[in-house]
file coords25.txt (compact mmCIF, C-alpha atoms)
# COMPACT_ATOMS: atom_id res chain seq x y z
CA MET A 163 -3.29 93.73 63.63
CA LEU A 164 -2.50 91.01 66.17
CA GLU A 165 1.04 91.37 67.45
CA VAL A 166 1.97 88.90 70.17
CA GLY A 167 5.35 87.80 68.89
CA HIS A 168 7.66 90.58 70.15
CA SER A 169 10.67 89.70 72.32
CA ALA A 170 9.76 88.21 75.67
CA SER A 171 13.14 87.36 77.16
CA ALA A 172 12.61 89.31 80.40
CA ASP A 173 11.77 87.50 83.58
CA LEU A 174 8.15 87.13 84.62
CA TYR A 175 8.88 89.71 87.25
CA GLN A 176 11.13 92.67 86.57
CA SER A 177 14.45 92.34 88.35
CA GLY A 178 14.50 94.18 91.69
CA CYS A 179 11.15 95.89 91.11
CA GLY A 180 8.68 93.10 91.90
CA VAL A 181 6.36 94.57 89.28
CA ARG A 182 4.40 91.86 87.45
CA GLN A 183 4.59 91.99 83.68
CA ASP A 184 1.50 92.44 81.56
CA PHE A 185 -0.40 89.26 80.79
CA SER A 186 0.34 89.76 77.09
CA ASP A 187 4.07 89.50 77.85
CA ILE A 188 3.58 86.26 79.76
CA LEU A 189 1.46 84.88 76.91
CA ALA A 190 4.11 85.88 74.40
CA LEU A 191 6.80 84.16 76.46
CA ALA A 192 4.76 80.97 76.66
CA ILE A 193 4.05 80.97 72.91
CA GLU A 194 7.67 81.70 72.00
CA GLY A 195 8.92 78.74 74.03
CA SER A 196 6.41 76.26 72.62
CA GLY A 197 7.42 76.31 68.96
CA THR A 198 4.03 77.82 68.14
CA GLY A 199 3.08 80.91 66.11
CA VAL A 200 -0.22 82.81 66.01
CA TRP A 201 -2.04 84.01 62.89
CA ASP A 202 -5.10 86.16 62.28
CA ARG A 203 -7.03 86.00 58.99
CA ASP A 204 -9.56 88.41 57.49
CA VAL A 205 -11.69 85.93 55.58
CA VAL A 206 -13.43 88.59 53.48
CA THR A 207 -10.27 90.35 52.19
CA GLY A 208 -8.01 87.33 52.42
CA ALA A 209 -5.40 89.26 54.42
CA ILE A 210 -3.56 87.16 56.99
CA ARG A 211 -1.28 88.47 59.69
CA TYR A 212 1.37 86.60 61.66
CA CYS A 213 3.10 87.13 64.97
CA ASP A 214 6.88 87.30 65.07
CA GLY A 215 7.03 83.78 66.52
CA TRP A 216 5.20 82.41 63.48
CA VAL A 217 7.60 84.16 61.12
CA GLY A 218 10.62 82.86 63.01
CA LEU A 219 9.19 79.36 63.02
CA LEU A 220 10.00 79.04 59.32
CA GLY A 221 13.24 81.05 59.44
CA TYR A 222 11.88 84.11 57.61
CA ARG A 223 12.42 87.77 58.41
CA ARG A 224 9.38 89.93 59.04
CA GLU A 225 9.72 91.85 55.75
CA GLU A 226 9.83 88.59 53.75
CA ILE A 227 6.30 87.56 54.77
CA SER A 228 3.34 89.20 53.05
CA ASP A 229 -0.23 89.23 54.29
CA ARG A 230 -1.66 87.76 51.07
CA ILE A 231 -3.47 84.46 51.49
CA GLU A 232 -2.17 83.39 48.08
CA ASP A 233 1.39 83.61 49.40
CA ALA A 234 0.36 81.61 52.47
CA TYR A 235 -1.03 78.83 50.31
CA ALA A 236 2.12 78.94 48.14
CA ARG A 237 4.18 77.92 51.18
CA VAL A 238 2.07 74.79 51.71
CA HIS A 239 3.56 71.61 50.26
CA PRO A 240 1.86 70.89 46.90
CA ASP A 241 0.82 67.40 48.08
CA ASP A 242 -0.96 68.90 51.11
CA LEU A 243 -2.55 72.00 49.57
CA ALA A 244 -5.88 70.50 48.44
CA TYR A 245 -6.38 68.86 51.84
CA VAL A 246 -5.60 72.10 53.71
CA GLN A 247 -7.97 74.16 51.56
CA ALA A 248 -10.78 71.62 51.75
CA THR A 249 -10.50 71.45 55.53
CA MET A 250 -10.56 75.24 55.71
CA ARG A 251 -13.67 75.46 53.49
CA ASP A 252 -15.50 72.89 55.62
CA HIS A 253 -14.90 75.00 58.70
CA PHE A 254 -15.98 78.21 56.94
CA ALA A 255 -19.20 76.43 55.95
CA GLY A 256 -19.81 75.49 59.57
CA LEU A 257 -19.36 71.73 58.95
CA THR A 258 -16.71 71.43 61.66
CA PRO A 259 -16.43 73.17 65.05
CA SER A 260 -12.79 74.06 64.40
CA TYR A 261 -10.04 73.86 61.84
CA GLU A 262 -7.23 71.37 62.51
CA VAL A 263 -4.82 69.88 60.01
CA GLU A 264 -1.28 68.48 59.86
CA HIS A 265 0.67 69.53 56.79
CA ARG A 266 4.04 70.74 55.55
CA LEU A 267 5.17 74.36 55.20
CA ARG A 268 8.16 75.56 53.17
CA CYS A 269 10.90 77.25 55.20
CA ARG A 270 13.11 80.11 54.07
CA ASP A 271 15.92 77.69 53.16
CA GLY A 272 13.59 75.67 50.92
CA SER A 273 13.14 72.75 53.30
CA TYR A 274 9.76 71.75 54.68
CA LYS A 275 8.55 71.48 58.25
CA TRP A 276 5.63 69.49 59.48
CA VAL A 277 3.20 71.70 61.37
CA LEU A 278 -0.10 71.37 63.16
CA SER A 279 -2.44 74.24 62.27
CA ARG A 280 -5.46 74.88 64.45
CA GLY A 281 -7.96 77.70 64.11
CA ARG A 282 -11.53 78.86 64.58
CA VAL A 283 -13.84 81.37 63.03
CA ILE A 284 -14.52 84.00 65.71
CA SER A 285 -17.00 86.19 63.82
CA ARG A 286 -19.65 85.65 61.14
CA ASP A 287 -22.16 87.98 59.44
CA GLY A 288 -25.89 87.71 59.73
CA ASP A 289 -26.00 85.02 57.04
CA GLY A 290 -23.41 82.89 58.82
CA ARG A 291 -20.56 83.72 56.45
CA ALA A 292 -17.13 83.64 58.07
CA LEU A 293 -15.55 87.04 58.65
CA ARG A 294 -12.53 86.52 60.84
CA MET A 295 -10.52 83.51 61.92
CA VAL A 296 -7.59 83.15 64.32
CA GLY A 297 -5.33 80.19 64.97
CA THR A 298 -1.95 78.77 65.78
CA THR A 299 0.74 76.89 63.90
CA THR A 300 2.95 74.45 65.86
CA ASP A 301 6.16 72.81 64.67
CA ILE A 302 5.64 69.04 64.93
CA THR A 303 8.55 68.00 62.70
CA ALA A 304 10.37 66.17 65.50
CA MET A 305 7.17 64.41 66.48
CA ARG A 306 6.51 63.36 62.90
CA VAL A 307 10.08 62.11 62.46
CA LEU A 308 9.77 60.11 65.66
CA ALA A 309 6.40 58.74 64.57
CA GLU A 310 7.82 57.82 61.18
CA ARG A 311 10.74 56.03 62.83
CA LEU A 312 8.30 54.21 65.07
CA ARG A 313 6.18 53.20 62.08
CA ALA A 314 9.31 52.02 60.27
CA SER A 315 10.34 50.00 63.32
CA MET A 316 6.88 48.49 63.60
CA THR A 317 6.89 47.67 59.89
CA LEU A 318 10.31 46.04 60.23
CA LEU A 319 9.16 44.11 63.30
CA SER A 320 6.02 42.92 61.55
CA SER A 321 8.00 41.96 58.45
CA LEU A 322 10.48 39.98 60.52
CA THR A 323 7.91 38.21 62.68
CA ASP A 324 5.72 37.45 59.70
CA GLN A 325 8.66 35.66 58.07
CA VAL A 326 9.41 33.53 61.14
CA PRO A 327 8.16 29.96 60.49
CA GLY A 328 5.66 30.09 63.31
CA LEU A 329 3.38 32.35 65.31
CA VAL A 330 5.14 35.10 67.26
CA PHE A 331 2.84 36.37 69.98
CA GLN A 332 2.39 38.45 73.09
CA CYS A 333 -0.22 37.20 75.55
CA ARG A 334 -1.53 39.10 78.55
CA ARG A 335 -3.04 37.00 81.36
CA ALA A 336 -5.00 38.87 84.01
CA PRO A 337 -4.97 37.87 87.70
CA ASP A 338 -8.44 36.32 87.28
CA GLY A 339 -7.11 33.96 84.61
CA THR A 340 -8.66 35.66 81.57
CA ALA A 341 -6.22 36.21 78.73
CA CYS A 342 -5.91 37.97 75.40
CA VAL A 343 -3.30 38.30 72.65
CA PRO A 344 -2.44 41.98 72.04
CA TYR A 345 0.04 41.00 69.32
CA ALA A 346 -0.02 38.03 66.95
CA SER A 347 2.04 37.75 63.78
CA ALA A 348 0.45 36.94 60.44
CA ARG A 349 1.33 33.23 60.77
CA ILE A 350 -1.56 32.80 63.20
CA THR A 351 -3.65 32.08 60.11
CA GLU A 352 -1.51 28.97 59.53
CA ILE A 353 -0.98 27.89 63.12
CA TYR A 354 -4.57 28.25 64.38
CA GLU A 355 -6.52 29.31 61.26
CA LEU A 356 -7.48 32.49 63.12
CA THR A 357 -6.80 36.20 62.59
CA PRO A 358 -5.03 38.56 65.02
CA GLN A 359 -8.33 40.39 65.51
CA GLN A 360 -10.06 37.20 66.70
CA VAL A 361 -7.67 36.77 69.63
CA ALA A 362 -7.06 40.43 70.51
CA GLU A 363 -9.77 40.40 73.17
CA SER A 364 -9.71 36.77 74.33
CA CYS A 365 -7.70 33.55 74.01
CA GLN A 366 -10.89 31.49 73.89
CA PRO A 367 -10.77 31.03 70.09
CA VAL A 368 -7.34 29.42 70.51
CA HIS A 369 -8.52 27.15 73.32
CA ALA A 370 -11.43 26.06 71.12
CA ARG A 371 -8.89 24.78 68.54
CA ILE A 372 -6.93 22.63 71.04
CA HIS A 373 -7.69 18.90 71.04
CA PRO A 374 -9.98 18.14 74.02
CA ASP A 375 -7.60 15.41 75.25
CA ASP A 376 -4.70 17.91 75.39
CA LEU A 377 -6.47 20.95 76.83
CA ASP A 378 -5.87 19.98 80.48
CA LEU A 379 -2.15 19.48 79.80
CA TYR A 380 -2.00 22.84 78.01
CA ARG A 381 -3.63 24.69 80.90
CA ALA A 382 -1.71 22.86 83.62
CA THR A 383 1.72 23.54 82.12
CA LEU A 384 0.77 27.18 81.51
CA ALA A 385 -0.45 27.66 85.08
CA GLU A 386 2.70 26.08 86.54
CA ALA A 387 5.00 28.23 84.39
CA ALA A 388 3.00 31.36 85.25
CA GLU A 389 3.18 30.68 88.97
CA ARG A 390 6.94 30.05 88.96
CA LEU A 391 7.82 32.44 86.10
CA THR A 392 9.68 29.60 84.42
CA PRO A 393 9.91 29.03 80.64
CA TRP A 394 6.75 27.44 79.27
CA GLN A 395 6.92 24.64 76.73
CA CYS A 396 4.04 22.44 75.69
CA VAL A 397 3.47 20.09 72.76
CA PHE A 398 -0.20 19.58 71.96
CA ARG A 399 -2.66 18.78 69.19
CA VAL A 400 -5.08 21.13 67.49
CA LEU A 401 -8.16 20.41 65.41
CA LEU A 402 -8.37 22.92 62.57
CA PRO A 403 -11.26 23.45 60.13
CA ARG A 404 -9.10 23.09 57.01
CA GLN A 405 -5.91 21.28 58.08
CA GLY A 406 -7.53 18.82 60.46
CA LEU A 407 -5.43 17.25 63.21
CA ARG A 408 -2.03 18.93 63.62
CA TRP A 409 0.69 19.10 66.28
CA ARG A 410 1.88 22.40 67.77
CA GLN A 411 4.67 23.36 70.17
CA VAL A 412 4.67 26.57 72.21
CA ASP A 413 7.78 28.08 73.82
CA ALA A 414 7.33 31.28 75.84
CA ARG A 415 8.82 33.43 78.62
CA ALA A 416 6.82 35.39 81.18
CA THR A 417 7.16 38.55 83.25
CA ARG A 418 4.97 39.56 86.16
CA LEU A 419 2.85 42.69 85.73
CA PRO A 420 2.26 45.25 88.51
CA ASP A 421 -1.39 44.15 88.83
CA GLY A 422 -0.35 40.53 89.43
CA GLY A 423 -1.05 39.42 85.89
CA THR A 424 1.45 37.81 83.53
CA LEU A 425 2.80 38.96 80.18
CA TRP A 426 4.01 36.21 77.86
CA HIS A 427 6.20 36.52 74.78
CA GLY A 428 6.66 33.39 72.72
CA LEU A 429 6.54 31.32 69.58
CA VAL A 430 4.17 28.57 68.40
CA VAL A 431 5.44 26.28 65.64
CA ASP A 432 4.08 23.37 63.62
CA VAL A 433 5.72 20.11 64.77
CA THR A 434 3.39 17.74 62.91
CA GLU A 435 6.14 16.34 60.69
CA ARG A 436 8.48 15.89 63.65
CA LYS A 437 5.80 14.01 65.57
CA ARG A 438 5.11 11.84 62.52
CA VAL A 439 8.79 10.89 62.27
CA GLU A 440 8.94 10.27 66.02
CA GLN A 441 5.93 7.98 65.78
CA GLU A 442 7.44 6.10 62.86
CA LEU A 443 10.69 5.62 64.77
CA HIS A 444 8.72 4.55 67.82
CA ASP A 445 6.76 2.06 65.76
CA LEU A 446 9.90 0.75 64.08
CA ALA A 447 11.48 0.16 67.48
CA ARG A 448 8.44 -1.94 68.47
CA VAL A 449 7.93 -3.98 65.30
CA ASP A 450 9.64 -7.18 64.22
CA HIS A 451 10.78 -6.31 60.70
CA LEU A 452 10.65 -9.84 59.35
CA THR A 453 7.10 -10.72 60.38
CA CYS A 454 5.71 -7.19 60.91
CA LEU A 455 4.31 -8.35 64.25
CA PRO A 456 4.97 -6.44 67.49
CA ASN A 457 8.41 -7.36 68.84
CA ARG A 458 9.09 -8.76 72.30
CA ARG A 459 9.23 -5.30 73.91
CA ALA A 460 5.91 -4.18 72.43
CA PHE A 461 4.23 -7.48 73.22
CA THR A 462 5.31 -7.53 76.86
CA GLU A 463 4.07 -3.94 77.28
CA ARG A 464 0.68 -5.04 75.98
CA MET A 465 0.71 -8.04 78.27
CA GLU A 466 1.60 -5.84 81.26
CA ARG A 467 -1.33 -3.53 80.53
CA ALA A 468 -3.67 -6.54 80.40
CA TRP A 469 -2.37 -7.79 83.77
CA HIS A 470 -2.79 -4.38 85.44
CA ALA A 471 -6.36 -4.18 84.13
CA LEU A 472 -7.03 -7.65 85.53
CA VAL A 473 -5.54 -6.78 88.94
CA ARG A 474 -7.63 -3.62 89.16
CA GLY A 475 -10.80 -5.48 88.27
CA ARG A 476 -11.20 -3.75 84.93
CA ALA A 477 -10.94 -6.88 82.79
CA GLY A 478 -12.45 -10.34 82.63
CA ASP A 479 -10.57 -13.60 82.09
CA VAL A 480 -7.29 -13.30 80.18
CA ALA A 481 -5.30 -16.14 78.61
CA VAL A 482 -1.76 -16.24 77.25
CA LEU A 483 -0.66 -18.47 74.35
CA MET A 484 2.90 -19.38 73.40
CA LEU A 485 3.69 -20.97 70.02
CA ASP A 486 6.92 -22.56 68.83
CA ILE A 487 7.66 -23.90 65.33
CA ASP A 488 8.59 -27.59 65.47
CA HIS A 489 12.02 -28.61 64.15
CA PHE A 490 12.79 -25.05 63.04
CA LYS A 491 16.55 -25.59 63.21
CA SER A 492 16.21 -28.51 60.83
CA ILE A 493 14.28 -26.33 58.39
CA ASN A 494 17.12 -23.81 58.35
CA ASP A 495 19.78 -26.52 58.07
CA ARG A 496 18.05 -28.39 55.23
CA HIS A 497 16.46 -25.61 53.19
CA GLY A 498 18.45 -22.55 54.18
CA HIS A 499 17.64 -19.39 56.11
CA THR A 500 15.60 -17.99 53.23
CA ALA A 501 13.15 -20.85 53.66
CA GLY A 502 13.27 -20.35 57.42
CA ASP A 503 12.34 -16.68 56.98
CA ALA A 504 9.48 -17.69 54.70
CA VAL A 505 8.19 -20.05 57.39
CA LEU A 506 8.32 -17.29 60.03
CA ARG A 507 6.41 -14.93 57.76
CA ARG A 508 3.79 -17.63 56.98
CA VAL A 509 3.25 -18.32 60.67
CA ALA A 510 2.79 -14.60 61.39
CA ALA A 511 0.36 -14.16 58.50
CA THR A 512 -1.67 -17.20 59.56
CA MET A 513 -1.84 -15.97 63.14
CA LEU A 514 -3.19 -12.61 61.99
CA ALA A 515 -5.75 -14.36 59.81
CA GLU A 516 -6.94 -16.87 62.43
CA LEU A 517 -6.87 -14.79 65.60
CA ARG A 518 -9.80 -12.65 66.67
CA PRO A 519 -9.80 -8.84 66.26
CA GLY A 520 -9.17 -8.20 69.97
CA ASP A 521 -6.27 -10.68 70.31
CA HIS A 522 -2.71 -9.36 70.50
CA ALA A 523 0.08 -11.36 68.85
CA GLY A 524 3.84 -10.81 68.91
CA ARG A 525 7.14 -12.44 68.02
CA LEU A 526 9.28 -13.07 71.09
CA GLY A 527 12.37 -14.03 69.08
CA GLY A 528 13.66 -16.92 66.97
CA GLU A 529 10.76 -19.27 66.24
CA GLU A 530 8.75 -18.27 69.33
CA PHE A 531 5.47 -16.35 69.15
CA ALA A 532 2.96 -15.35 71.83
CA VAL A 533 -0.62 -14.10 72.02
CA VAL A 534 -2.64 -12.30 74.70
CA LEU A 535 -6.29 -13.39 74.55
CA PRO A 536 -8.48 -10.83 76.39
CA ASP A 537 -11.85 -11.85 77.83
CA THR A 538 -10.98 -15.49 77.24
CA GLY A 539 -11.00 -18.46 79.64
CA LEU A 540 -8.80 -21.51 79.20
CA ALA A 541 -11.51 -23.56 77.51
CA GLN A 542 -12.11 -20.96 74.83
CA ALA A 543 -8.35 -20.31 74.56
CA ARG A 544 -7.83 -23.98 73.79
CA GLN A 545 -10.28 -23.69 70.90
CA VAL A 546 -8.40 -20.68 69.53
CA ALA A 547 -5.07 -22.49 69.87
CA GLU A 548 -6.32 -25.66 68.17
CA ARG A 549 -7.81 -23.69 65.27
CA LEU A 550 -4.50 -21.94 64.80
CA ARG A 551 -2.49 -25.18 65.09
CA ARG A 552 -4.61 -26.93 62.46
CA ALA A 553 -4.44 -23.95 60.09
CA LEU A 554 -0.64 -23.97 60.28
CA ALA A 555 -0.50 -27.74 59.76
CA GLU A 556 -2.33 -27.29 56.46
CA CYS A 557 0.20 -24.77 55.18
CA ARG A 558 2.54 -25.69 52.33
CA ILE A 559 5.76 -23.69 52.06
CA PRO A 560 7.49 -23.65 48.63
CA VAL A 561 11.14 -24.78 48.74
CA ALA A 562 13.72 -25.62 46.09
CA ASP A 563 12.79 -29.31 45.90
CA GLY A 564 9.02 -28.91 46.21
CA THR A 565 6.92 -27.90 49.18
CA MET A 566 7.39 -28.20 52.89
CA ARG A 567 4.88 -28.79 55.66
CA LEU A 568 5.23 -27.34 59.14
CA THR A 569 3.78 -27.97 62.55
CA VAL A 570 3.77 -25.98 65.76
CA SER A 571 3.50 -26.69 69.46
CA ILE A 572 1.41 -24.39 71.66
CA GLY A 573 1.27 -23.73 75.39
CA LEU A 574 -1.60 -22.02 77.24
CA SER A 575 -2.06 -20.44 80.64
CA ASP A 576 -4.58 -18.17 82.26
CA MET A 577 -3.46 -14.80 83.64
CA ARG A 578 -4.21 -14.41 87.35
CA ALA A 579 -4.79 -11.39 89.54
CA THR A 580 -2.75 -13.14 92.24
CA ASP A 581 0.34 -13.31 90.00
CA CYS A 582 3.34 -11.42 91.35
CA ARG A 583 4.34 -10.19 87.91
CA TYR A 584 2.68 -9.65 84.56
CA ASP A 585 4.89 -12.29 82.89
CA ASP A 586 4.10 -15.11 85.34
CA ALA A 587 1.37 -16.30 82.97
CA LEU A 588 3.88 -16.31 80.10
CA ALA A 589 6.23 -18.47 82.18
CA ARG A 590 3.44 -20.98 82.82
CA ALA A 591 2.51 -21.00 79.13
CA ASP A 592 6.16 -21.66 78.31
CA MET A 593 6.17 -24.66 80.62
CA ALA A 594 2.99 -25.95 78.98
CA LEU A 595 4.65 -25.49 75.59
CA TYR A 596 7.66 -27.50 76.74
CA ALA A 597 5.33 -30.26 77.92
CA ALA A 598 3.61 -30.29 74.50
CA LYS A 599 6.96 -30.75 72.77
CA GLU A 600 7.95 -33.50 75.18
CA ALA A 601 4.65 -35.24 74.42
CA GLY A 602 5.47 -35.40 70.69
CA ARG A 603 5.01 -31.88 69.30
CA ASN A 604 2.20 -30.65 67.02
CA ARG A 605 -0.19 -30.30 69.93
CA THR A 606 -1.50 -27.86 72.55
CA GLY A 607 -0.56 -27.98 76.21
CA VAL A 608 -2.50 -26.24 78.98
CA SER A 609 -0.89 -25.12 82.21
CA GLY A 610 -1.91 -27.38 85.07
CA GLU A 611 -3.14 -30.13 82.72
CA ARG A 612 -1.39 -33.29 81.58
CA VAL A 613 -0.62 -33.28 77.85
CA GLY A 614 -2.04 -36.37 76.17
call {"tool": "encode", "arguments": {"input": "coords25.txt", "output": "structure tokens"}}
result
Amino acid sequence: MLEVGHSASADLYQSGCGVRQDFSDILALAIEGSGTGVWDRDVVTGAIRYCDGWVGLLGYRREEISDRIEDAYARVHPDDLAYVQATMRDHFAGLTPSYEVEHRLRCRDGSYKWVLSRGRVISRDGDGRALRMVGTTTDITAMRVLAERLRASMTLLSSLTDQVPGLVFQCRRAPDGTACVPYASARITEIYELTPQQVAESCQPVHARIHPDDLDLYRATLAEAAERLTPWQCVFRVLLPRQGLRWRQVDARATRLPDGGTLWHGLVVDVTERKRVEQELHDLARVDHLTCLPNRRAFTERMERAWHALVRGRAGDVAVLMLDIDHFKSINDRHGHTAGDAVLRRVAATMLAELRPGDHAGRLGGEEFAVVLPDTGLAQARQVAERLRRALAECRIPVADGTMRLTVSIGLSDMRATDCRYDDALARADMALYAAKEAGRNRTGVSGERVG
């Protein structure tokens, strides 16, 4: 019978004698302090013997523990018994090099402890049948409780992050610039149409989703934030297989790792709707609501871009056209502002119909309109202006007492690389327009030419 569980409270060396204890006493002391008990089983008879430490592990007294294997199995939790027995049979059959299983054992007070049982057959007969087996039983209840708490915490964390309207992530960036995402919440399937497993080893699948025109911005802002350890925010577009073009915003904080790398924790959200509203508001601020043409601000921005392209040698000839409705005040006074609004809308519609696809029209205010004519010299611009003037002269506007005709005066100027400002050409076109009105209206004036 194996007996290694007797009291081992003496010191490793007897007090005052300097006589070293037997090795068995040292072993017993080590086992007693580890929450582990030893058992020895006769596989043939089924008898199983326990050391005192094993008995005390479950709170029993020596006389309350029999050596019958049936009693040993009776102490195993019913939900674990089949698993324990099957594992034991596999080892007896030589299918495993050792026996190891976590299960629950009933204590003297009726409660259960989680234990780790390990053992090995140490003798077999000539046919390989198991004869004797020895092993240990270790109390792992505290470890299991801690593990269960950890699993519960992880489950709670996953549940919370999965409910956040966006992707919660942890990203590790190595000193060489390579990066991976050790943690990504379930919303990654919505944000990037990827799975956590696809980004666990590399961020490349994410980068492949980013719009090519935004990838440099994404990387530059990330690198700057990583270098300075400042908060990282970036708004960018992604191209997704199912959702198509979408807008994303990332907000993250970084900490420096001992190896010089960076660990990011952050959130990526869908801002597509916000960007759509922003664009609509932007467009509304740049559109004349009555005519639906670009307003003065939008038109002058377009004219400025054309002038900069001309100055830098990136554009050919550019002309500017100004148009003013003749006797517009009289139209309002005689027929009312409703008729005046109808005239403004008719002029805008006719301009859109008569101008070429690359021309850019806008309403400057009141009855004044303007057009930028790219790749157009003054001679060709005059043809465009005359076609537009004649088309407007043929218009008939319904009014209360019948129909009304309208005419317009137009001024033209070329845009010059030597101009000091982008709107110098517009000023010259305005002067040509004034000259056309002075000459009798319903005609086109060209800057630098006498109006006939």
call {"tool": "residues_near_point", "arguments": {"input": "coords25.txt", "point": "(11.8, 31.6, 84.8)", "cutoff": "12 Å", "atoms": "all atoms listed in the file", "output": "PyMOL selection string"}}
result
chain A and resi 386-395+414-418+426
call {"tool": "closest_residue", "arguments": {"input": "coords25.txt", "among": "A:Thr298, A:Ser571, A:Thr249, A:Thr580", "to": "Ala601 of chain A", "atoms": "all atoms listed in the file"}}
result
A:Ser571
call {"tool": "axis_aligned_box", "arguments": {"input": "coords25.txt", "around": "segment 346-364 of chain A", "padding_each_side": "5 Å", "output": "lines of an AutoDock Vina configuration file"}}
result
center_x = -4.0
center_y = 34.2
center_z = 66.9
size_x = 22.1
size_y = 22.5
size_z = 24.8
call {"tool": "atom_distance", "arguments": {"input": "coords25.txt", "atom1": "atom CA of Val480 of chain A", "atom2": "atom CA of Leu540 of chain A"}}
result
8.4 Å
call {"tool": "closest_residue", "arguments": {"input": "coords25.txt", "among": "A:Arg603, A:Arg230, A:Arg286, A:Arg404", "to": "Thr351 of chain A", "atoms": "all atoms listed in the file"}}
result
A:Arg404
call {"tool": "closest_residue", "arguments": {"input": "coords25.txt", "among": "A:Tyr235, A:Tyr380, A:Tyr596, A:Phe331", "to": "Val608 of chain A", "atoms": "all atoms listed in the file"}}
result
A:Tyr596
call {"tool": "atom_distance", "arguments": {"input": "coords25.txt", "atom1": "atom CA of Pro374 of chain A", "atom2": "atom CA of Ala471 of chain A"}}
result
24.8 Å
call {"tool": "residues_around", "arguments": {"input": "coords25.txt", "residues": "His522 of chain A", "least_positions_apart": "5", "cutoff": "9 Å", "atoms": "all atoms listed in the file", "output": "list in words"}}
result
Pro456, Phe461, Arg464, Met465, Leu517, Ala532, Val533, Val534, Leu535 and Pro536 of chain A
call {"tool": "closest_residue", "arguments": {"input": "coords25.txt", "among": "A:Arg399, A:Arg371, A:Arg549, A:Arg280", "to": "Val200 of chain A", "atoms": "only C-alpha atoms"}}
result
A:Arg280
call {"tool": "decode", "arguments": {"input": "coords25.txt", "residues": "segment 524-528 of chain A", "atoms": "all heavy atoms", "output": "PDB file, in the first residue's frame"}}
result
ATOM      1  N   GLY A 524     -23.509  79.845 -64.664  1.00  0.00           N
ATOM      2  CA  GLY A 524     -23.916  80.169 -63.310  1.00  0.00           C
ATOM      3  C   GLY A 524     -24.726  81.447 -63.284  1.00  0.00           C
ATOM      4  O   GLY A 524     -24.676  82.257 -64.227  1.00  0.00           O
ATOM      5  N   ARG A 525     -25.500  81.613 -62.211  1.00  0.00           N
ATOM      6  CA  ARG A 525     -26.246  82.858 -62.016  1.00  0.00           C
ATOM      7  C   ARG A 525     -25.481  83.703 -61.003  1.00  0.00           C
ATOM      8  O   ARG A 525     -25.257  83.272 -59.869  1.00  0.00           O
ATOM      9  CB  ARG A 525     -27.660  82.564 -61.511  1.00  0.00           C
ATOM     10  CG  ARG A 525     -28.492  83.844 -61.353  1.00  0.00           C
ATOM     11  CD  ARG A 525     -29.829  83.563 -60.706  1.00  0.00           C
ATOM     12  NE  ARG A 525     -30.586  84.803 -60.509  1.00  0.00           N
ATOM     13  CZ  ARG A 525     -31.650  84.919 -59.719  1.00  0.00           C
ATOM     14  NH1 ARG A 525     -32.098  83.846 -59.052  1.00  0.00           N
ATOM     15  NH2 ARG A 525     -32.268  86.072 -59.586  1.00  0.00           N
ATOM     16  N   LEU A 526     -25.107  84.915 -61.426  1.00  0.00           N
ATOM     17  CA  LEU A 526     -24.344  85.790 -60.547  1.00  0.00           C
ATOM     18  C   LEU A 526     -25.239  86.537 -59.573  1.00  0.00           C
ATOM     19  O   LEU A 526     -24.795  86.972 -58.513  1.00  0.00           O
ATOM     20  CB  LEU A 526     -23.535  86.795 -61.376  1.00  0.00           C
ATOM     21  CG  LEU A 526     -22.524  86.185 -62.362  1.00  0.00           C
ATOM     22  CD1 LEU A 526     -21.727  87.289 -63.029  1.00  0.00           C
ATOM     23  CD2 LEU A 526     -21.599  85.207 -61.650  1.00  0.00           C
ATOM     24  N   GLY A 527     -26.508  86.691 -59.912  1.00  0.00           N
ATOM     25  CA  GLY A 527     -27.452  87.427 -59.070  1.00  0.00           C
ATOM     26  C   GLY A 527     -28.362  88.275 -59.924  1.00  0.00           C
ATOM     27  O   GLY A 527     -27.980  88.706 -61.018  1.00  0.00           O
ATOM     28  N   GLY A 528     -29.576  88.551 -59.443  1.00  0.00           N
ATOM     29  CA  GLY A 528     -30.525  89.343 -60.217  1.00  0.00           C
ATOM     30  C   GLY A 528     -30.757  88.713 -61.569  1.00  0.00           C
ATOM     31  O   GLY A 528     -31.051  87.522 -61.688  1.00  0.00           O
TER      32      GLY A 528
END
